[in-house]
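These notes concern the structure reproduced below.
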Amino acid sequence: MTSDQYSPQSAAPEAATEAAIGFHLHHHVAVVTMNNPPANTWTEQSLQQLKTLVQSLNLNNEVYALVLTGKGEKFFSAGADLKLFADGDKARALKMARLFGQAFETLSAFRGVSIAAINGYAMGGGLEAALACDIRIAEEQAVMALPEAKVGLLPCAGGTQNLTALVGEGWAKRVILCGEQLSAAKAQQIGLVEEVVAKGEALNRAIAMAESVANQSPSAVAACKKLIQQTRFAPLAQGLIKEREYFLDLFDTEDQTEGVQAFLQKRPPVWKNR
């Protein structure tokens, strides 16, 4: 896949136009762009597109990492369009909650490394998309919040769980229960983002970091990511057992042999990604 505009064949052309997910490959990095102006809000179509795209990237052995960003200079993503919930329709609310959950859980389970390049406001479901990524890089002017409670709702796409795992219960409660907005500097201070860069530099920095993943064995990266993420719900004893299991499993891959041989022969490895 090399196109700049991703659109599932099953989606109607007009739907893809209204809720576009931009996409292109940069070496081994899939650059995914939320492109629904003016605020890059999520819709039913774009959530379905994201899920389908990530699933297809999982099957592409040439893709080692994914970068998610927003189109334009002001918004990473403002989340869901509140007009969807204005009439109190519970059936629509349930459908959207499921779509958000499926899309962001698929993103979180991406087998490679995912990096959010936060280039502006990341609000509600926009911040939840970033929280579903492995690493977050924010531009200095970015603002982050989960303001759902201000309109009688709550973050339903992993926000309460992922934010708490990253910043701890106290700061999660300040952001979610008190409606506190975070500057990029404060987000880095509390561990919500891993790096802050100058305006306009998040995407370049994220791509550079994503390209470094190619130095690692894709098989080893996938196994390590599973182990790291399971610390959120599994006890330490189980994680230690899984470490040894996954370690031995890597000896069934071509990457393990290639990695050791390349090191001993003082040459760059050529990963098979199997």
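Note on naming: chains are A, B, ... as they come in the structure tokens, residues start from 1 per chain, ligands start from 1 in the order shown.
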Which residues of range 148-221 of chain A come within 10 Å of range 246-265 of chain A, and what is each one's closest atom pair and distance in Å (one decimal), counting only C-alpha atoms, sorted by chain and residue number, as CSV?
residue,atom,partner,partner_atom,distance
A:Asn215,CA,A:Gly259,CA,9.9
A:Gln216,CA,A:Gly259,CA,8.7
A:Ser217,CA,A:Asp255,CA,6.2
A:Pro218,CA,A:Asp255,CA,7.8
A:Ser219,CA,A:Asp255,CA,6.7
A:Ala220,CA,A:Leu250,CA,7.0
Filtering to C-alpha atoms, could you give me those residues as a CSV table (one decimal), in the first residue's frame?
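Contents of the output file part_19.csv:
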chain,number,residue,atom,x,y,z
A,215,ASN,CA,17.1,-1.4,13.9
A,216,GLN,CA,15.2,-3.8,16.1
A,217,SER,CA,13.9,-7.3,15.2
A,218,PRO,CA,10.2,-6.9,14.4
A,219,SER,CA,9.5,-10.3,16.0
A,220,ALA,CA,11.3,-9.2,19.2
Determine, for each residue of range 36-129 of chain A having at least one atom at most 12 Å from an atom of range 168-185 of chain A, the closest pair of atoms and their separation in Å to one decimal, counting only C-alpha atoms; order by chain and ascending number, as a Markdown table.
| residue | atom | partner | partner_atom | distance |
| --- | --- | --- | --- | --- |
| A:Ala117 | CA | A:Ala184 | CA | 11.9 |
| A:Ile118 | CA | A:Ala184 | CA | 9.3 |
| A:Asn119 | CA | A:Ala184 | CA | 10.2 |
| A:Gly120 | CA | A:Ala184 | CA | 9.6 |
| A:Tyr121 | CA | A:Ser183 | CA | 9.7 |
| A:Ala122 | CA | A:Leu182 | CA | 9.8 |
| A:Met123 | CA | A:Gln181 | CA | 9.0 |
| A:Gly124 | CA | A:Ile176 | CA | 9.8 |
| A:Leu127 | CA | A:Leu182 | CA | 11.0 |
| A:Glu128 | CA | A:Ile176 | CA | 12.0 |
With a distance cut-off of 6 Å and only C-alpha atoms, select the neighbouring residues of range 27-37 of chain A, excluding the residue or stretch itself and same-chain residues fewer than 5 positions from it, and output the selection as number ranges by chain.
-> A: 19-22, 62-71
Residue selection dump (N, CA and C atoms) as a compact mmCIF listing (two decimals), in the first residue's frame:
# COMPACT_ATOMS: atom_id res chain seq x y z
N ALA A 19 -14.91 11.61 5.65
CA ALA A 19 -14.18 11.21 6.85
C ALA A 19 -12.89 10.51 6.45
N ALA A 20 -11.99 11.27 5.87
CA ALA A 20 -10.79 10.68 5.28
C ALA A 20 -9.74 10.35 6.33
N ILE A 21 -9.06 9.26 6.10
CA ILE A 21 -7.85 8.91 6.84
C ILE A 21 -6.72 8.91 5.82
N GLY A 22 -5.87 9.93 5.88
CA GLY A 22 -4.73 9.99 4.97
C GLY A 22 -3.71 8.92 5.34
N GLU A 62 6.44 -5.31 5.58
CA GLU A 62 7.34 -4.18 5.34
C GLU A 62 7.09 -3.04 6.30
N VAL A 63 6.01 -3.10 7.08
CA VAL A 63 5.67 -2.03 8.01
C VAL A 63 6.14 -2.41 9.41
N TYR A 64 7.04 -1.59 9.98
CA TYR A 64 7.54 -1.83 11.32
C TYR A 64 6.95 -0.89 12.35
N ALA A 65 6.48 0.28 11.90
CA ALA A 65 5.99 1.29 12.84
C ALA A 65 4.89 2.12 12.21
N LEU A 66 4.14 2.81 13.06
CA LEU A 66 3.02 3.63 12.62
C LEU A 66 3.09 4.98 13.33
N VAL A 67 2.86 6.05 12.57
CA VAL A 67 2.79 7.39 13.15
C VAL A 67 1.40 7.95 12.88
N LEU A 68 0.75 8.45 13.93
CA LEU A 68 -0.58 9.02 13.81
C LEU A 68 -0.51 10.52 14.07
N THR A 69 -1.05 11.33 13.16
CA THR A 69 -1.06 12.78 13.35
C THR A 69 -2.33 13.37 12.79
N GLY A 70 -2.50 14.69 12.98
CA GLY A 70 -3.68 15.39 12.48
C GLY A 70 -3.33 16.33 11.35
N LYS A 71 -4.24 16.49 10.42
CA LYS A 71 -4.05 17.40 9.30
C LYS A 71 -4.18 18.84 9.77
Among listed residues A:Ala222, A:Val151, A:Ala145, A:Val54, nearest Phe104 in chain A (using only C-alpha atoms) |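 Of A:Ala222, A:Val151, A:Ala145, A:Val54, the one nearest Phe104 in chain A, counting only C-alpha atoms, is A:Val54.
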Which of these residues is nearest to Gly126 in chain A, using only C-alpha atoms: A:Ala78, A:Leu94, A:Leu146, A:Leu154?
-> A:Ala78
Residues within 7 Å of range 56-61 of chain A, only C-alpha atoms, excluding chain neighbours under 2 positions, as a PyMOL selection string = chain A and resi 52-54+63+110-111+273
Could you tell me, as number ranges by chain, which residues of range 162-229 of chain A DSSP assigns to strand (DSSP E or B) when given the backbone?
-> A: 182-183, 195-197
Preceding selection exported with C-alpha atoms as a PDB file, in the first residue's frame:
ATOM      1  CA  LEU A 182      -2.789  20.123  30.089  1.00  0.00           C
ATOM      2  CA  SER A 183      -0.107  22.045  28.250  1.00  0.00           C
ATOM      3  CA  GLU A 195       8.805  14.320  24.345  1.00  0.00           C
ATOM      4  CA  VAL A 196       7.942  17.951  23.533  1.00  0.00           C
ATOM      5  CA  VAL A 197       9.185  19.592  20.338  1.00  0.00           C
TER       6      VAL A 197
END
Of the candidates A:Ala234, A:Val193, A:Leu240, A:Leu25, which one gets nearest to Leu166 in chain A if we count only C-alpha atoms?
->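 Using only C-alpha atoms, the shortest distance to Leu166 in chain A belongs to A:Val193.
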Those in range 111-157 of chain A with helix (DSSP H, G or I) from DSSP, as a ChimeraX atom specification = /A:125-131,148-151
Deliver the residues from the most recent selection as a file, using N, CA, C and O atoms, as an mmCIF file, in the first residue's frame.
data_model
loop_
_atom_site.group_PDB
_atom_site.id
_atom_site.type_symbol
_atom_site.label_atom_id
_atom_site.label_comp_id
_atom_site.auth_asym_id
_atom_site.auth_seq_id
_atom_site.Cartn_x
_atom_site.Cartn_y
_atom_site.Cartn_z
ATOM 1 N N GLY A 125 -11.917 12.188 22.406
ATOM 2 C CA GLY A 125 -11.518 11.051 21.588
ATOM 3 C C GLY A 125 -10.244 11.279 20.811
ATOM 4 O O GLY A 125 -9.594 10.323 20.374
ATOM 5 N N GLY A 126 -9.838 12.541 20.650
ATOM 6 C CA GLY A 126 -8.543 12.818 20.033
ATOM 7 C C GLY A 126 -7.413 12.411 20.951
ATOM 8 O O GLY A 126 -6.446 11.765 20.531
ATOM 9 N N LEU A 127 -7.522 12.774 22.228
ATOM 10 C CA LEU A 127 -6.498 12.355 23.187
ATOM 11 C C LEU A 127 -6.540 10.848 23.385
ATOM 12 O O LEU A 127 -5.496 10.210 23.545
ATOM 13 N N GLU A 128 -7.730 10.261 23.363
ATOM 14 C CA GLU A 128 -7.828 8.807 23.532
ATOM 15 C C GLU A 128 -7.108 8.071 22.397
ATOM 16 O O GLU A 128 -6.528 7.004 22.609
ATOM 17 N N ALA A 129 -7.141 8.622 21.188
ATOM 18 C CA ALA A 129 -6.391 8.024 20.080
ATOM 19 C C ALA A 129 -4.895 8.056 20.373
ATOM 20 O O ALA A 129 -4.173 7.082 20.135
ATOM 21 N N ALA A 130 -4.420 9.189 20.911
ATOM 22 C CA ALA A 130 -3.006 9.289 21.269
ATOM 23 C C ALA A 130 -2.647 8.334 22.396
ATOM 24 O O ALA A 130 -1.570 7.740 22.414
ATOM 25 N N LEU A 131 -3.574 8.177 23.356
ATOM 26 C CA LEU A 131 -3.338 7.259 24.476
ATOM 27 C C LEU A 131 -3.262 5.809 24.018
ATOM 28 O O LEU A 131 -2.641 4.973 24.674
ATOM 29 N N GLU A 148 -15.109 15.224 28.645
ATOM 30 C CA GLU A 148 -16.439 14.641 28.453
ATOM 31 C C GLU A 148 -17.410 14.914 29.597
ATOM 32 O O GLU A 148 -18.615 15.124 29.378
ATOM 33 N N ALA A 149 -16.919 14.888 30.835
ATOM 34 C CA ALA A 149 -17.812 15.088 31.978
ATOM 35 C C ALA A 149 -18.458 16.475 31.964
ATOM 36 O O ALA A 149 -19.524 16.671 32.553
ATOM 37 N N LYS A 150 -17.853 17.435 31.294
ATOM 38 C CA LYS A 150 -18.423 18.784 31.218
ATOM 39 C C LYS A 150 -19.722 18.810 30.424
ATOM 40 O O LYS A 150 -20.514 19.738 30.553
ATOM 41 N N VAL A 151 -19.924 17.794 29.575
ATOM 42 C CA VAL A 151 -21.163 17.726 28.794
ATOM 43 C C VAL A 151 -21.985 16.504 29.185
ATOM 44 O O VAL A 151 -22.805 16.010 28.418
#
Provide the CA of Pro235 in chain A to CA of Gln189 in chain A distance in Å, to one decimal place.
->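 Here the two named atoms are 27.5 Å from each other.
Across A:Ile137, A:Ala142, A:Cys156, A:Ala132, the tightest approach to Met96 in chain A is made by A:Cys156 when counting only C-alpha atoms.
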Shell around Glu194 in chain A at 7 Å using only C-alpha atoms, local window under 6 positions removed, as a list in words |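 Listed by chain and then number, they are Ile135, Arg136, Ile137 and Gln188 of chain A.
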For the residues in the current selection, export N, CA, C and O atoms as a PDB file, in the first residue's frame.
ATOM      1  N   ILE A 135       3.777   5.602  22.099  1.00  0.00           N
ATOM      2  CA  ILE A 135       4.606   6.757  22.452  1.00  0.00           C
ATOM      3  C   ILE A 135       3.907   8.013  21.955  1.00  0.00           C
ATOM      4  O   ILE A 135       3.257   7.984  20.902  1.00  0.00           O
ATOM      5  N   ARG A 136       4.068   9.118  22.690  1.00  0.00           N
ATOM      6  CA  ARG A 136       3.442  10.379  22.305  1.00  0.00           C
ATOM      7  C   ARG A 136       4.486  11.494  22.261  1.00  0.00           C
ATOM      8  O   ARG A 136       5.231  11.691  23.230  1.00  0.00           O
ATOM      9  N   ILE A 137       4.523  12.202  21.135  1.00  0.00           N
ATOM     10  CA  ILE A 137       5.383  13.370  20.964  1.00  0.00           C
ATOM     11  C   ILE A 137       4.466  14.564  20.712  1.00  0.00           C
ATOM     12  O   ILE A 137       3.647  14.531  19.797  1.00  0.00           O
ATOM     13  N   GLN A 188       4.248  16.388  29.626  1.00  0.00           N
ATOM     14  CA  GLN A 188       5.529  15.692  29.710  1.00  0.00           C
ATOM     15  C   GLN A 188       5.955  15.499  31.164  1.00  0.00           C
ATOM     16  O   GLN A 188       6.470  14.438  31.539  1.00  0.00           O
TER      17      GLN A 188
END
Option closest in space to Ala103 in chain A, from A:Leu47, A:Phe85, A:Glu139, A:Glu73 [counting only C-alpha atoms] |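 Checking each candidate against Ala103 in chain A, we get A:Leu47 as the closest.
Take CA of Pro38 in chain A and CA of Lys83 in chain A: the distance between them is 14.8 Å.
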From the set A:Met209, A:Ala138, A:Thr106, A:Ala214, which residue has the shortest atom-to-atom contact distance to Gly191 in chain A, counting only C-alpha atoms?
-> A:Ala138
